[in-house]
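Here is the structure we will look at.
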Amino acid sequence: MEPARTLEPGWRHALRLWWSFSWRWPLYALIPLVPIALTVAVIKPPPEVANRLAFWVTWPITIWAQVAALKRLLKLDYGGFSVRAVERDVPR
């Protein structure tokens, strides 16, 4: 296996990463949100409770889904390039 080269990010790289992220995070969010939404629809809480629940449940799930999608991007091969986290020896 040849050593990795650092590439200058171009539009092709940016668009492939954007598309990969853009469809993954909503899908990841839907997995837990659909059962929660169905449960709330069956229980039918008062509107103020439903609104609070929607806010306090949706935001953490959205953040988790976006971070999970970004974590997945770091593991993917994009056919010619991949994204890697590289530790630097830079003083803090």
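We name chains A, B, ... following the order of the structure tokens; residues begin at 1 in each chain, and ligands are numbered from 1 as shown.
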
Q. Could you pull the residues within 12 Å of A:Arg24, counting only C-alpha atoms, minus those fewer than 2 positions along the same chain, as a PyMOL selection string?
A. chain A and resi 17-22+26-31+62+64-73

Store the residues picked out above, limited to C-alpha atoms, as a short mmCIF file (atom, residue, chain, number, x, y, z; two decimals), in the first residue's frame.
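The new file again_15.cif reads:
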data_model
loop_
_atom_site.label_atom_id
_atom_site.label_comp_id
_atom_site.auth_asym_id
_atom_site.auth_seq_id
_atom_site.Cartn_x
_atom_site.Cartn_y
_atom_site.Cartn_z
CA LEU A 17 -18.34 14.97 0.83
CA TRP A 18 -21.34 17.31 0.94
CA TRP A 19 -23.56 14.79 -0.82
CA SER A 20 -22.35 11.95 1.38
CA PHE A 21 -23.14 13.97 4.51
CA SER A 22 -26.38 15.49 3.20
CA PRO A 26 -31.35 12.79 7.85
CA LEU A 27 -31.50 9.03 7.39
CA TYR A 28 -29.66 8.49 10.69
CA ALA A 29 -32.07 10.94 12.38
CA LEU A 30 -35.17 9.23 10.99
CA ILE A 31 -34.25 5.86 12.49
CA THR A 62 -30.23 15.76 15.14
CA TRP A 64 -26.15 12.81 17.19
CA ALA A 65 -27.15 12.05 13.58
CA GLN A 66 -24.88 14.77 12.18
CA VAL A 67 -21.89 13.69 14.27
CA ALA A 68 -22.51 10.03 13.36
CA ALA A 69 -22.61 10.97 9.66
CA LEU A 70 -19.36 12.95 9.97
CA LYS A 71 -17.73 10.03 11.79
CA ARG A 72 -18.83 7.74 8.96
CA LEU A 73 -17.32 10.13 6.36
#

For A:Leu7, work out the shell of residues within 12 Å, counting only C-alpha atoms and skipping chain neighbours fewer than 2 positions away, then give it as a PDB file with N, CA and C atoms, in the first residue's frame.
ATOM      1  N   ALA A   4      -0.146   7.771   1.930  1.00  0.00           N
ATOM      2  CA  ALA A   4      -1.170   8.758   1.573  1.00  0.00           C
ATOM      3  C   ALA A   4      -0.514  10.076   1.162  1.00  0.00           C
ATOM      4  N   ARG A   5      -1.122  10.719   0.185  1.00  0.00           N
ATOM      5  CA  ARG A   5      -0.682  12.051  -0.236  1.00  0.00           C
ATOM      6  C   ARG A   5      -1.715  13.057   0.237  1.00  0.00           C
ATOM      7  N   PRO A   9      -7.982  20.368  -1.574  1.00  0.00           N
ATOM      8  CA  PRO A   9      -9.403  20.083  -1.783  1.00  0.00           C
ATOM      9  C   PRO A   9      -9.978  20.907  -2.937  1.00  0.00           C
ATOM     10  N   GLY A  10     -10.651  20.219  -3.830  1.00  0.00           N
ATOM     11  CA  GLY A  10     -11.292  20.883  -4.964  1.00  0.00           C
ATOM     12  C   GLY A  10     -12.801  20.762  -4.866  1.00  0.00           C
ATOM     13  N   ARG A  12     -14.758  18.959  -6.686  1.00  0.00           N
ATOM     14  CA  ARG A  12     -15.181  17.557  -6.790  1.00  0.00           C
ATOM     15  C   ARG A  12     -15.156  16.901  -5.406  1.00  0.00           C
ATOM     16  N   HIS A  13     -14.094  17.161  -4.643  1.00  0.00           N
ATOM     17  CA  HIS A  13     -13.993  16.595  -3.291  1.00  0.00           C
ATOM     18  C   HIS A  13     -15.104  17.156  -2.401  1.00  0.00           C
ATOM     19  N   GLY A  80     -10.597   7.338  -4.998  1.00  0.00           N
ATOM     20  CA  GLY A  80      -9.547   8.262  -5.401  1.00  0.00           C
ATOM     21  C   GLY A  80      -9.099   9.157  -4.260  1.00  0.00           C
ATOM     22  N   PHE A  81      -9.944   9.285  -3.246  1.00  0.00           N
ATOM     23  CA  PHE A  81      -9.537  10.048  -2.065  1.00  0.00           C
ATOM     24  C   PHE A  81     -10.374   9.609  -0.867  1.00  0.00           C
ATOM     25  N   SER A  82      -9.885   9.922   0.294  1.00  0.00           N
ATOM     26  CA  SER A  82     -10.619   9.702   1.534  1.00  0.00           C
ATOM     27  C   SER A  82     -10.281  10.854   2.473  1.00  0.00           C
ATOM     28  N   VAL A  83     -11.062  10.986   3.501  1.00  0.00           N
ATOM     29  CA  VAL A  83     -10.855  12.048   4.482  1.00  0.00           C
ATOM     30  C   VAL A  83     -10.286  11.400   5.730  1.00  0.00           C
ATOM     31  N   ARG A  84      -9.227  11.968   6.251  1.00  0.00           N
ATOM     32  CA  ARG A  84      -8.599  11.413   7.437  1.00  0.00           C
ATOM     33  C   ARG A  84      -8.330  12.508   8.455  1.00  0.00           C
TER      34      ARG A  84
END

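Among the candidates A:Arg52, A:Thr58, A:Val90, A:Pro3, the one nearest to A:Val34 when counting only C-alpha atoms is A:Thr58.
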
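Between atom CA of A:Leu33 and atom CA of A:Ile61 the interatomic distance comes to 7.7 Å.
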
Computed gap from atom CA of A:Arg16 to atom CA of A:Glu87 is 23.7 Å

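Across A:Glu48, A:Trp25, A:Val40, A:Leu15, the tightest approach to A:Tyr78 is made by A:Leu15 when counting only C-alpha atoms.
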
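Picture a line from atom CA of A:Thr39 to atom CA of A:Trp59; it runs 17.8 Å.
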
In chain A, DSSP helix (DSSP H, G or I) residues written as a PyMOL selection string:
chain A and resi 11-43+47-73

Using only C-alpha atoms, the residue out of A:Leu74, A:Thr6, A:Val86, A:Ala54 with shortest distance to A:Ile36 is A:Ala54
